[in-house]
$ cat start_15.tsv   # TSV, C-alpha atoms
chain	number	residue	atom	x	y	z
P	36	MET	CA	-23.62	-11.13	0.57
P	37	PRO	CA	-20.23	-12.01	-0.93
P	38	GLU	CA	-20.37	-13.38	-4.45
P	39	SER	CA	-18.55	-16.55	-5.45
P	40	LEU	CA	-15.08	-16.13	-6.87
P	41	PRO	CA	-14.93	-16.14	-10.68
P	42	THR	CA	-14.15	-19.46	-12.32
P	43	GLU	CA	-12.53	-17.82	-15.34
P	44	THR	CA	-9.25	-15.96	-15.47
P	45	GLN	CA	-9.43	-12.16	-15.33
P	46	ASP	CA	-8.27	-10.54	-18.57
P	47	ILE	CA	-8.14	-6.95	-17.32
P	48	PRO	CA	-5.41	-4.24	-17.28
P	49	CYS	CA	-4.48	-4.82	-13.63
P	50	ALA	CA	-3.74	-8.52	-14.29
P	51	TRP	CA	-0.26	-7.77	-15.61
P	52	SER	CA	2.97	-9.72	-15.82
P	53	ARG	CA	6.51	-8.41	-15.41
P	54	GLU	CA	6.92	-8.35	-19.18
P	55	ALA	CA	3.67	-6.48	-19.77
P	56	LEU	CA	4.53	-3.81	-17.23
P	57	SER	CA	8.03	-3.45	-18.67
P	58	ASP	CA	6.62	-2.90	-22.17
P	59	ASP	CA	4.00	-0.38	-21.04
P	60	THR	CA	5.04	3.00	-19.63
P	61	SER	CA	1.52	4.47	-19.45
P	62	TRP	CA	1.63	4.15	-15.63
P	63	ILE	CA	4.71	6.39	-15.34
P	64	TYR	CA	4.18	10.16	-15.18
P	65	GLN	CA	6.93	12.80	-15.29
P	66	LEU	CA	6.40	16.21	-13.75
P	67	ASP	CA	7.26	19.08	-16.07
P	68	ASP	CA	8.74	22.43	-15.03
P	69	THR	CA	5.33	24.15	-14.91
P	70	GLU	CA	3.89	21.48	-12.61
P	71	ILE	CA	6.92	21.67	-10.33
P	72	ARG	CA	6.46	25.45	-10.03
P	73	VAL	CA	2.77	24.97	-9.20
P	74	ILE	CA	3.63	22.49	-6.45
P	75	ASP	CA	6.31	24.74	-4.98
P	76	GLU	CA	3.92	27.69	-5.02
P	77	ALA	CA	1.32	25.61	-3.18
P	78	VAL	CA	3.90	24.79	-0.49
P	79	ARG	CA	4.76	28.48	-0.07
P	80	THR	CA	1.08	29.35	0.22
P	81	LEU	CA	0.41	26.66	2.80
P	82	THR	CA	3.49	27.70	4.78
P	83	GLY	CA	2.21	31.26	4.81
P	84	LEU	CA	-1.16	30.09	6.12
P	85	ASP	CA	0.60	28.39	9.05
P	86	ILE	CA	-1.45	25.27	8.41
P	87	ARG	CA	-0.55	21.78	9.59
P	88	HIS	CA	-0.21	18.98	7.05
P	89	GLN	CA	-2.99	17.09	8.89
P	90	ASP	CA	-5.42	19.88	8.07
P	91	VAL	CA	-4.60	20.48	4.40
P	92	THR	CA	-7.62	20.14	2.09
P	93	ALA	CA	-7.93	20.24	-1.69
P	94	GLU	CA	-9.40	23.74	-1.34
P	95	ASP	CA	-6.27	24.88	0.52
P	96	ALA	CA	-3.91	23.38	-2.07
P	97	ASP	CA	-4.44	24.99	-5.47
P	98	LEU	CA	-2.54	22.82	-7.97
P	99	GLY	CA	-4.00	24.37	-11.12
P	100	ASP	CA	-3.81	22.25	-14.26
P	101	PHE	CA	-1.75	19.63	-12.42
P	102	ARG	CA	-5.11	18.36	-11.21
P	103	GLN	CA	-5.65	16.89	-14.67
P	104	LYS	CA	-2.61	14.65	-14.27
P	105	ILE	CA	-3.79	13.64	-10.80
P	106	ASP	CA	-7.16	12.63	-12.26
P	107	LEU	CA	-5.35	10.47	-14.81
P	108	ILE	CA	-3.32	8.87	-12.02
P	109	VAL	CA	-6.41	8.04	-9.97
P	110	ASP	CA	-8.05	6.45	-13.01
P	111	GLN	CA	-4.88	4.47	-13.72
P	112	ILE	CA	-4.85	3.16	-10.15
P	113	GLU	CA	-8.54	2.23	-9.96
P	114	ASN	CA	-9.27	1.18	-13.55
P	115	GLY	CA	-5.91	0.70	-15.25
P	116	ARG	CA	-2.74	-1.11	-14.21
P	117	GLY	CA	-3.47	-0.52	-10.52
P	118	LEU	CA	-0.38	1.57	-9.95
P	119	ALA	CA	1.28	4.83	-10.91
P	120	LEU	CA	4.76	6.29	-10.58
P	121	LEU	CA	5.07	10.08	-10.49
P	122	ARG	CA	8.64	11.23	-11.06
P	123	GLY	CA	10.26	14.58	-10.39
P	124	VAL	CA	8.46	15.59	-7.19
P	125	PRO	CA	10.59	18.52	-5.87
P	126	VAL	CA	11.92	17.12	-2.58
P	127	GLU	CA	15.41	18.62	-2.66
P	128	GLY	CA	16.16	21.49	-0.29
P	129	LYS	CA	12.92	21.20	1.67
P	130	SER	CA	12.59	20.76	5.41
P	131	ILE	CA	10.59	17.81	6.70
P	132	GLU	CA	7.72	20.20	7.48
P	133	GLU	CA	7.72	21.50	3.91
P	134	LEU	CA	7.89	17.96	2.54
P	135	GLU	CA	4.88	16.99	4.60
P	136	LEU	CA	2.92	20.02	3.42
P	137	MET	CA	3.80	19.23	-0.21
P	138	TYR	CA	2.87	15.58	0.20
P	139	ALA	CA	-0.41	16.51	1.87
P	140	ALA	CA	-1.20	19.00	-0.90
P	141	ILE	CA	-0.79	16.40	-3.64
P	142	SER	CA	-2.58	13.71	-1.64
P	143	SER	CA	-5.57	15.95	-0.90
P	144	HIS	CA	-6.45	15.77	-4.59
P	145	LEU	CA	-6.13	11.98	-4.65
P	146	GLY	CA	-8.67	11.34	-1.91
P	147	ARG	CA	-9.08	11.16	1.87
P	148	SER	CA	-6.10	10.15	3.99
P	149	ILE	CA	-6.68	7.64	6.79
P	150	VAL	CA	-4.65	7.08	9.94
P	151	GLN	CA	-1.85	4.53	10.07
P	152	ASP	CA	-1.40	3.93	13.79
P	153	THR	CA	-3.03	4.42	17.18
P	154	LYS	CA	-1.49	7.91	17.41
P	155	GLY	CA	-3.54	9.05	14.42
P	156	THR	CA	-0.53	9.48	12.10
P	157	LEU	CA	-1.52	10.59	8.59
P	158	ILE	CA	2.01	10.81	7.17
P	159	ASP	CA	4.28	8.06	8.42
P	160	ARG	CA	8.03	7.82	7.97
P	161	VAL	CA	9.33	4.61	6.45
P	162	GLU	CA	12.79	4.33	7.93
P	163	ASN	CA	14.97	1.98	9.94
P	164	ARG	CA	14.27	2.56	13.63
P	165	GLY	CA	16.30	-0.43	14.76
P	166	ALA	CA	13.32	-2.71	15.42
P	167	SER	CA	13.44	-6.47	14.80
P	168	TYR	CA	11.18	-7.83	12.07
P	169	ALA	CA	11.27	-11.21	13.82
P	170	ASP	CA	9.14	-9.72	16.61
P	171	ILE	CA	5.49	-10.45	15.72
P	172	SER	CA	4.41	-7.11	17.19
P	173	VAL	CA	6.77	-5.07	14.96
P	174	ARG	CA	5.60	-3.40	11.77
P	175	GLY	CA	8.10	-4.02	8.98
P	176	TYR	CA	8.46	-0.46	7.73
P	177	THR	CA	10.31	0.46	10.95
P	178	THR	CA	13.12	-1.99	10.13
P	179	ASN	CA	15.71	-2.44	7.39
P	180	ALA	CA	14.75	-6.10	6.92
P	181	LYS	CA	13.44	-7.86	3.86
P	182	LEU	CA	9.63	-7.75	4.13
P	183	THR	CA	7.06	-10.40	3.29
P	184	PRO	CA	4.56	-9.67	0.47
P	185	HIS	CA	1.53	-7.65	1.54
P	186	CYS	CA	-0.86	-4.84	0.78
P	187	ASP	CA	-1.70	-1.94	3.08
P	188	SER	CA	-5.00	-0.42	4.24
P	189	GLY	CA	-7.27	1.94	2.36
P	190	ASP	CA	-7.62	2.07	-1.41
P	191	ILE	CA	-4.11	3.39	-2.08
P	192	VAL	CA	-0.73	3.12	-0.42
P	193	SER	CA	1.44	6.06	-1.44
P	194	LEU	CA	5.23	6.20	-0.99
P	195	LEU	CA	7.25	9.36	-1.55
P	196	CYS	CA	10.99	8.75	-1.66
P	197	VAL	CA	12.97	11.51	0.05
P	198	ARG	CA	16.27	9.63	0.30
P	199	PRO	CA	17.17	6.15	-1.00
P	200	ALA	CA	19.37	3.77	0.98
P	201	ARG	CA	23.10	3.46	0.43
P	202	GLU	CA	22.44	-0.03	-0.83
P	203	GLY	CA	19.32	-2.15	-1.33
P	204	GLY	CA	15.72	-1.30	-0.52
P	205	VAL	CA	14.34	-2.45	-3.88
P	206	ASN	CA	10.54	-2.63	-3.97
P	207	THR	CA	8.98	-5.63	-5.72
P	208	ILE	CA	5.39	-5.22	-6.85
P	209	SER	CA	3.08	-7.80	-8.38
P	210	SER	CA	-0.47	-8.02	-9.63
P	211	SER	CA	-2.62	-9.87	-7.10
P	212	ILE	CA	-5.11	-10.44	-9.94
P	213	ALA	CA	-2.48	-12.12	-12.13
P	214	ILE	CA	-1.63	-14.27	-9.11
P	215	TYR	CA	-5.31	-15.19	-8.80
P	216	ASN	CA	-5.26	-16.30	-12.44
P	217	GLU	CA	-2.24	-18.45	-11.79
P	218	ILE	CA	-3.82	-20.10	-8.73
P	219	LEU	CA	-7.04	-20.69	-10.66
P	220	ARG	CA	-5.12	-22.42	-13.43
P	221	GLN	CA	-2.73	-24.51	-11.35
P	222	HIS	CA	-4.00	-24.70	-7.75
P	223	PRO	CA	-7.82	-24.28	-7.76
P	224	GLU	CA	-8.07	-26.25	-4.51
P	225	MET	CA	-6.43	-23.30	-2.76
P	226	LEU	CA	-9.17	-20.83	-3.69
P	227	GLU	CA	-11.57	-22.05	-0.99
P	228	PRO	CA	-9.29	-21.19	1.97
P	229	LEU	CA	-8.27	-17.93	0.30
P	230	GLU	CA	-11.93	-16.97	-0.15
P	231	MET	CA	-12.77	-17.96	3.44
P	232	GLY	CA	-9.90	-15.79	4.62
P	233	PHE	CA	-7.89	-15.52	7.79
P	234	HIS	CA	-7.65	-13.71	11.07
P	235	TYR	CA	-4.86	-11.12	11.04
P	236	ASN	CA	-2.36	-10.18	13.71
P	237	ILE	CA	-3.00	-6.41	13.79
P	238	ARG	CA	-0.33	-5.75	16.45
P	239	GLY	CA	-2.25	-3.65	18.95
P	240	ASN	CA	-3.91	-1.46	16.35
P	241	GLY	CA	-7.49	-2.50	17.05
P	242	PRO	CA	-9.90	-1.02	19.61
P	243	PRO	CA	-9.14	-1.81	23.27
P	244	GLY	CA	-10.46	-5.17	24.41
P	245	GLU	CA	-10.75	-8.59	22.88
P	246	PHE	CA	-9.84	-7.52	19.36
P	247	VAL	CA	-6.96	-5.12	19.97
P	248	ASP	CA	-4.45	-7.57	18.43
P	249	ILE	CA	-6.58	-9.67	16.12
P	250	THR	CA	-9.24	-9.12	13.48
P	251	ALA	CA	-12.71	-9.83	14.84
P	252	HIS	CA	-13.56	-11.93	11.79
P	253	ARG	CA	-11.83	-13.71	8.97
P	254	VAL	CA	-10.69	-11.36	6.21
P	255	PRO	CA	-10.86	-12.89	2.71
P	256	VAL	CA	-7.69	-12.86	0.65
P	257	TYR	CA	-9.80	-12.74	-2.50
P	258	SER	CA	-13.25	-11.17	-2.60
P	259	TYR	CA	-15.54	-10.79	-5.61
P	260	HIS	CA	-18.22	-8.13	-5.29
P	261	ALA	CA	-20.16	-5.84	-7.64
P	262	GLY	CA	-18.34	-7.27	-10.62
P	263	ARG	CA	-14.79	-6.70	-9.34
P	264	LEU	CA	-12.18	-9.01	-7.87
P	265	SER	CA	-10.23	-7.50	-4.97
P	266	CYS	CA	-7.43	-8.81	-2.80
P	267	ARG	CA	-6.08	-8.30	0.73
P	268	PHE	CA	-2.97	-10.10	1.93
P	269	ASN	CA	-0.21	-9.86	4.50
P	270	GLU	CA	1.82	-13.04	4.82
P	271	LYS	CA	3.39	-12.22	8.19
P	272	ALA	CA	0.14	-10.95	9.75
P	273	ILE	CA	-1.71	-14.11	8.70
P	274	LEU	CA	0.95	-16.65	9.68
P	275	THR	CA	1.59	-15.09	13.11
P	276	SER	CA	-2.11	-14.81	13.97
P	277	GLU	CA	-2.28	-18.35	15.30
P	278	GLN	CA	0.18	-17.38	18.04
P	279	LEU	CA	-2.47	-15.12	19.56
P	280	PRO	CA	-5.17	-16.19	22.05
P	281	GLY	CA	-8.45	-17.37	20.58
P	282	VAL	CA	-7.19	-17.96	17.04
P	283	PRO	CA	-7.46	-21.53	15.75
P	284	PRO	CA	-4.29	-23.07	14.27
P	285	LEU	CA	-3.93	-22.79	10.54
P	286	THR	CA	-4.54	-26.00	8.63
P	287	ALA	CA	-1.94	-27.46	6.29
P	288	MET	CA	-4.00	-26.35	3.28
P	289	GLU	CA	-4.38	-22.82	4.67
P	290	LYS	CA	-0.64	-22.50	5.19
P	291	ALA	CA	0.04	-23.92	1.73
P	292	ALA	CA	-2.31	-21.38	0.16
P	293	VAL	CA	-0.68	-18.46	2.00
P	294	HIS	CA	2.79	-19.64	1.03
P	295	LYS	CA	1.73	-20.08	-2.58
P	296	VAL	CA	0.40	-16.52	-2.83
P	297	ALA	CA	3.65	-15.20	-1.35
P	298	GLU	CA	5.75	-17.38	-3.63
P	299	LEU	CA	3.91	-16.24	-6.75
P	300	SER	CA	4.19	-12.57	-5.76
P	301	VAL	CA	7.96	-12.66	-6.21
P	302	ARG	CA	8.17	-15.17	-9.05
P	303	PRO	CA	10.44	-13.63	-11.70
P	304	ASP	CA	7.77	-13.49	-14.41
P	305	LEU	CA	5.20	-11.87	-12.09
P	306	GLY	CA	7.21	-9.60	-9.77
P	307	PHE	CA	8.40	-6.20	-11.03
P	308	ASP	CA	11.31	-4.46	-9.29
P	309	ILE	CA	11.40	-0.72	-8.64
P	310	LEU	CA	14.24	1.11	-6.90
P	311	LEU	CA	12.77	4.44	-5.86
P	312	ASP	CA	14.97	7.51	-6.10
P	313	SER	CA	14.58	10.96	-4.55
P	314	GLY	CA	11.43	12.59	-5.89
P	315	ASP	CA	9.69	9.37	-6.93
P	316	LEU	CA	6.10	9.00	-5.75
P	317	LEU	CA	4.79	5.43	-6.06
P	318	LEU	CA	1.05	4.82	-5.70
P	319	LEU	CA	-0.40	1.31	-5.51
P	320	CYS	CA	-3.98	0.04	-5.47
P	321	ASN	CA	-4.17	-2.14	-2.38
P	322	HIS	CA	-6.98	-4.16	-3.95
P	323	SER	CA	-4.97	-5.33	-6.97
P	324	VAL	CA	-1.24	-4.93	-6.20
P	325	PHE	CA	1.08	-6.58	-3.67
P	326	HIS	CA	4.35	-5.04	-2.62
P	327	THR	CA	7.38	-6.07	-0.68
P	328	ARG	CA	10.86	-4.65	-0.12
P	329	ASP	CA	14.38	-6.00	-0.07
P	330	SER	CA	16.63	-5.41	2.93
P	331	PHE	CA	18.83	-2.33	2.82
P	332	GLU	CA	21.93	-0.75	4.31
P	333	ASP	CA	22.09	2.91	5.28
P	334	TRP	CA	24.91	5.41	5.35
P	335	GLU	CA	26.79	5.82	8.63
P	336	ASP	CA	25.43	9.37	8.92
P	337	PRO	CA	21.83	9.03	10.25
P	338	ALA	CA	20.88	12.22	8.43
P	339	LYS	CA	21.45	10.39	5.13
P	340	GLY	CA	19.36	7.35	6.07
P	341	ARG	CA	16.72	5.93	3.75
P	342	LEU	CA	13.50	7.89	4.18
P	343	LEU	CA	10.16	7.46	2.50
P	344	LEU	CA	6.96	9.25	3.49
P	345	ARG	CA	3.83	7.12	3.40
P	346	LYS	CA	0.12	7.84	3.16
P	347	TRP	CA	-2.93	5.58	3.10
P	348	ILE	CA	-5.65	7.09	0.94
P	349	ASN	CA	-9.28	6.31	0.14
P	350	ILE	CA	-10.30	7.60	-3.27
P	351	CYS	CA	-13.66	9.23	-3.92
P	352	ASP	CA	-16.26	6.84	-5.32
P	353	GLY	CA	-13.98	3.83	-4.88
P	354	ARG	CA	-15.16	0.33	-5.71
P	355	GLU	CA	-17.76	-1.39	-3.55
P	356	LEU	CA	-16.30	-3.80	-1.00
P	357	THR	CA	-17.91	-6.29	1.36
P	358	PHE	CA	-17.72	-5.51	5.07
P	359	GLU	CA	-15.71	-8.65	5.87
P	360	PHE	CA	-13.13	-7.69	3.29
P	361	ALA	CA	-12.95	-3.96	4.01
P	362	ASP	CA	-13.00	-3.97	7.82
P	363	HIS	CA	-9.38	-4.81	8.59
P	364	TYR	CA	-8.71	-3.06	11.91
P	365	ASN	CA	-12.13	-3.61	13.51
P	366	THR	CA	-12.77	0.12	12.99
P	367	GLY	CA	-15.11	0.01	9.99
P	368	PRO	CA	-14.76	-0.45	6.22
P	369	ARG	CA	-11.66	1.10	4.67
P	370	GLU	CA	-10.57	2.63	7.98
P	371	GLY	CA	-7.16	2.47	9.65
P	372	PRO	CA	-6.12	1.62	13.21
P	373	PHE	CA	-8.08	2.66	16.28
P	374	VAL	CA	-6.88	6.07	17.52
P	375	ASN	CA	-6.27	6.38	21.24
P	376	SER	CA	-7.70	9.65	22.53
P	377	VAL	CA	-5.26	9.81	25.43

$ encode --input "start_15.tsv" --output "structure tokens"
Amino acid sequence: MPESLPTETQDIPCAWSREALSDDTSWIYQLDDTEIRVIDEAVRTLTGLDIRHQDVTAEDADLGDFRQKIDLIVDQIENGRGLALLRGVPVEGKSIEELELMYAAISSHLGRSIVQDTKGTLIDRVENRGASYADISVRGYTTNAKLTPHCDSGDIVSLLCVRPAREGGVNTISSSIAIYNEILRQHPEMLEPLEMGFHYNIRGNGPPGEFVDITAHRVPVYSYHAGRLSCRFNEKAILTSEQLPGVPPLTAMEKAAVHKVAELSVRPDLGFDILLDSGDLLLLCNHSVFHTRDSFEDWEDPAKGRLLLRKWINICDGRELTFEFADHYNTGPREGPFVNSV
């Protein structure tokens, strides 16, 4: 059974403000020359084994003492600030196949990757494919548009920057726990609809049938369970859900609560801006951090276009979550979209 939301503000490391995150660099990790050599050697070994990135395991990818830094990163994400930035990942001069092997090697030591679409994609490419974000069936990462605040599926969303845009593409992150504190202090009447949750427009990523486009149940925005407060939010997916068959219209209070969460996530004292450069690997805890992205403009040469690789990862021994909160694609707790076998 879900527990009632806490009536006191959460004074924990992941409830940070822009100022606190600016003053604290403990969440930023720089690769040294030895670690870079270890990663490159792992890529050469995996290439020699003729293994696909989908099949890479932690046993295949020997990262030596770099594992110690990965353990620190996982702890930072789950028990610290809720995010980590790893700088200096050696992306230059590698083919896309080598990049995917390298990314899979590092990720295999973070946890288990889950699929991101009905094709079973484990490494997705965040790039402008010319789609329109105004289309309610379009996923924002395939456009160059400004995105609404959200979190992704699984415990961690991981973004490896291969190439930045010519202009724009700034990521804004915010603590969903700090936002909870703010709502508790100033808008406590909004906690009830946020705890009850919403149906989500899941854009054809559910199992075939009645719930291919919509969550089968309401998904709480805030859920308190086993002593931890967790959050799930996607402004666009919630607000467009009422356009789908069988979903009741959102009430005025529900819409106000959704808009307030989105507004707070980019408020100057709560939102923290990060412009990822080549070789930056950003990892966010989906249960305590929101992210969004500014619009961007690419170079005329498509080969220079903004490219990030993305993984959704479940960590080992992650926090307990209620079923209603964790089942987002109607495929089971912490799982991604339904994979078509055809």

$ closest_residue --input "start_15.tsv" --among "P:His222, P:Arg72, P:Arg263, P:Arg102" --to "P:Lys295" --atoms "all atoms listed in the file"
P:His222

$ closest_atom_pairs --input "start_15.tsv" --of "stretch 106-140 of chain P" --to "stretch 157-179 of chain P" --cutoff "12 Å" --atoms "all atoms listed in the file" --output "CSV"
residue,atom,partner,partner_atom,distance
P:Ile131,CA,P:Arg160,CA,10.4
P:Glu132,CA,P:Ile158,CA,11.0
P:Leu134,CA,P:Ile158,CA,10.4
P:Glu135,CA,P:Ile158,CA,7.3
P:Leu136,CA,P:Ile158,CA,10.0
P:Met137,CA,P:Ile158,CA,11.3
P:Tyr138,CA,P:Ile158,CA,8.5
P:Ala139,CA,P:Ile158,CA,8.2
P:Ala140,CA,P:Ile158,CA,11.9

$ write_last_selection --input "start_15.tsv" --atoms "C-alpha atoms" --output "mmCIF file, in the frame of the given file"
data_model
loop_
_atom_site.group_PDB
_atom_site.id
_atom_site.type_symbol
_atom_site.label_atom_id
_atom_site.label_comp_id
_atom_site.auth_asym_id
_atom_site.auth_seq_id
_atom_site.Cartn_x
_atom_site.Cartn_y
_atom_site.Cartn_z
ATOM 1 C CA ILE P 131 10.590 17.810 6.700
ATOM 2 C CA GLU P 132 7.720 20.200 7.480
ATOM 3 C CA LEU P 134 7.890 17.960 2.540
ATOM 4 C CA GLU P 135 4.880 16.990 4.600
ATOM 5 C CA LEU P 136 2.920 20.020 3.420
ATOM 6 C CA MET P 137 3.800 19.230 -0.210
ATOM 7 C CA TYR P 138 2.870 15.580 0.200
ATOM 8 C CA ALA P 139 -0.410 16.510 1.870
ATOM 9 C CA ALA P 140 -1.200 19.000 -0.900
#

$ closest_residue --input "start_15.tsv" --among "P:Asn365, P:Leu264, P:Trp347, P:Leu219" --to "P:His252" --atoms "only C-alpha atoms"
P:Asn365

$ residues_around --input "start_15.tsv" --residues "P:Gly146" --least-positions-apart "5" --cutoff "6 Å" --atoms "all atoms listed in the file" --output "PyMOL selection string"
chain P and resi 348-351

$ closest_residue --input "start_15.tsv" --among "P:Pro199, P:Ser148, P:Pro372, P:Ala272" --to "P:Pro243" --atoms "all atoms listed in the file"
P:Pro372

$ atom_distance --input "start_15.tsv" --atom1 "atom CA of P:Ala291" --atom2 "atom CA of P:Pro255"
15.5 Å

$ residues_around --input "start_15.tsv" --residues "P:Leu107" --least-positions-apart "4" --cutoff "12 Å" --atoms "only C-alpha atoms" --output "PyMOL selection string"
chain P and resi 61-64+100-103+111-121+144-145

$ closest_residue --input "start_15.tsv" --among "P:Gly340, P:Gly155, P:Pro223, P:Gly123" --to "P:Arg198" --atoms "all atoms listed in the file"
P:Gly340

$ closest_residue --input "start_15.tsv" --among "P:Gln45, P:Thr80, P:Thr153, P:Ser57" --to "P:Asn240" --atoms "only C-alpha atoms"
P:Thr153

$ build_atoms --input "start_15.tsv" --residues "stretch 287-299 of chain P" --atoms "N, CA, C and O atoms" --output "PDB file, keeping the file's coordinate frame"
ATOM      1  N   ALA P 287      -3.024 -27.282   7.266  1.00  0.00           N
ATOM      2  CA  ALA P 287      -1.940 -27.460   6.290  1.00  0.00           C
ATOM      3  C   ALA P 287      -2.312 -26.814   4.957  1.00  0.00           C
ATOM      4  O   ALA P 287      -1.470 -26.194   4.300  1.00  0.00           O
ATOM      5  N   MET P 288      -3.568 -26.957   4.547  1.00  0.00           N
ATOM      6  CA  MET P 288      -4.000 -26.350   3.280  1.00  0.00           C
ATOM      7  C   MET P 288      -3.977 -24.833   3.365  1.00  0.00           C
ATOM      8  O   MET P 288      -3.594 -24.146   2.421  1.00  0.00           O
ATOM      9  N   GLU P 289      -4.406 -24.276   4.508  1.00  0.00           N
ATOM     10  CA  GLU P 289      -4.380 -22.820   4.670  1.00  0.00           C
ATOM     11  C   GLU P 289      -2.953 -22.287   4.570  1.00  0.00           C
ATOM     12  O   GLU P 289      -2.703 -21.292   3.888  1.00  0.00           O
ATOM     13  N   LYS P 290      -2.032 -22.947   5.248  1.00  0.00           N
ATOM     14  CA  LYS P 290      -0.640 -22.500   5.190  1.00  0.00           C
ATOM     15  C   LYS P 290      -0.082 -22.637   3.772  1.00  0.00           C
ATOM     16  O   LYS P 290       0.632 -21.761   3.290  1.00  0.00           O
ATOM     17  N   ALA P 291      -0.433 -23.717   3.103  1.00  0.00           N
ATOM     18  CA  ALA P 291       0.040 -23.920   1.730  1.00  0.00           C
ATOM     19  C   ALA P 291      -0.473 -22.823   0.810  1.00  0.00           C
ATOM     20  O   ALA P 291       0.268 -22.319  -0.058  1.00  0.00           O
ATOM     21  N   ALA P 292      -1.730 -22.429   1.002  1.00  0.00           N
ATOM     22  CA  ALA P 292      -2.310 -21.380   0.160  1.00  0.00           C
ATOM     23  C   ALA P 292      -1.628 -20.039   0.399  1.00  0.00           C
ATOM     24  O   ALA P 292      -1.326 -19.296  -0.550  1.00  0.00           O
ATOM     25  N   VAL P 293      -1.372 -19.716   1.676  1.00  0.00           N
ATOM     26  CA  VAL P 293      -0.680 -18.460   2.000  1.00  0.00           C
ATOM     27  C   VAL P 293       0.729 -18.462   1.409  1.00  0.00           C
ATOM     28  O   VAL P 293       1.166 -17.480   0.798  1.00  0.00           O
ATOM     29  N   HIS P 294       1.433 -19.556   1.577  1.00  0.00           N
ATOM     30  CA  HIS P 294       2.790 -19.640   1.030  1.00  0.00           C
ATOM     31  C   HIS P 294       2.789 -19.554  -0.491  1.00  0.00           C
ATOM     32  O   HIS P 294       3.695 -18.956  -1.085  1.00  0.00           O
ATOM     33  N   LYS P 295       1.791 -20.125  -1.125  1.00  0.00           N
ATOM     34  CA  LYS P 295       1.730 -20.080  -2.580  1.00  0.00           C
ATOM     35  C   LYS P 295       1.506 -18.657  -3.085  1.00  0.00           C
ATOM     36  O   LYS P 295       2.148 -18.232  -4.055  1.00  0.00           O
ATOM     37  N   VAL P 296       0.618 -17.918  -2.441  1.00  0.00           N
ATOM     38  CA  VAL P 296       0.400 -16.520  -2.830  1.00  0.00           C
ATOM     39  C   VAL P 296       1.702 -15.730  -2.688  1.00  0.00           C
ATOM     40  O   VAL P 296       2.087 -14.962  -3.585  1.00  0.00           O
ATOM     41  N   ALA P 297       2.391 -15.915  -1.571  1.00  0.00           N
ATOM     42  CA  ALA P 297       3.650 -15.200  -1.350  1.00  0.00           C
ATOM     43  C   ALA P 297       4.703 -15.600  -2.359  1.00  0.00           C
ATOM     44  O   ALA P 297       5.444 -14.751  -2.882  1.00  0.00           O
ATOM     45  N   GLU P 298       4.774 -16.883  -2.657  1.00  0.00           N
ATOM     46  CA  GLU P 298       5.750 -17.380  -3.630  1.00  0.00           C
ATOM     47  C   GLU P 298       5.510 -16.782  -5.012  1.00  0.00           C
ATOM     48  O   GLU P 298       6.436 -16.334  -5.701  1.00  0.00           O
ATOM     49  N   LEU P 299       4.243 -16.765  -5.433  1.00  0.00           N
ATOM     50  CA  LEU P 299       3.910 -16.240  -6.750  1.00  0.00           C
ATOM     51  C   LEU P 299       4.176 -14.738  -6.852  1.00  0.00           C
ATOM     52  O   LEU P 299       4.516 -14.220  -7.921  1.00  0.00           O
TER      53      LEU P 299
END
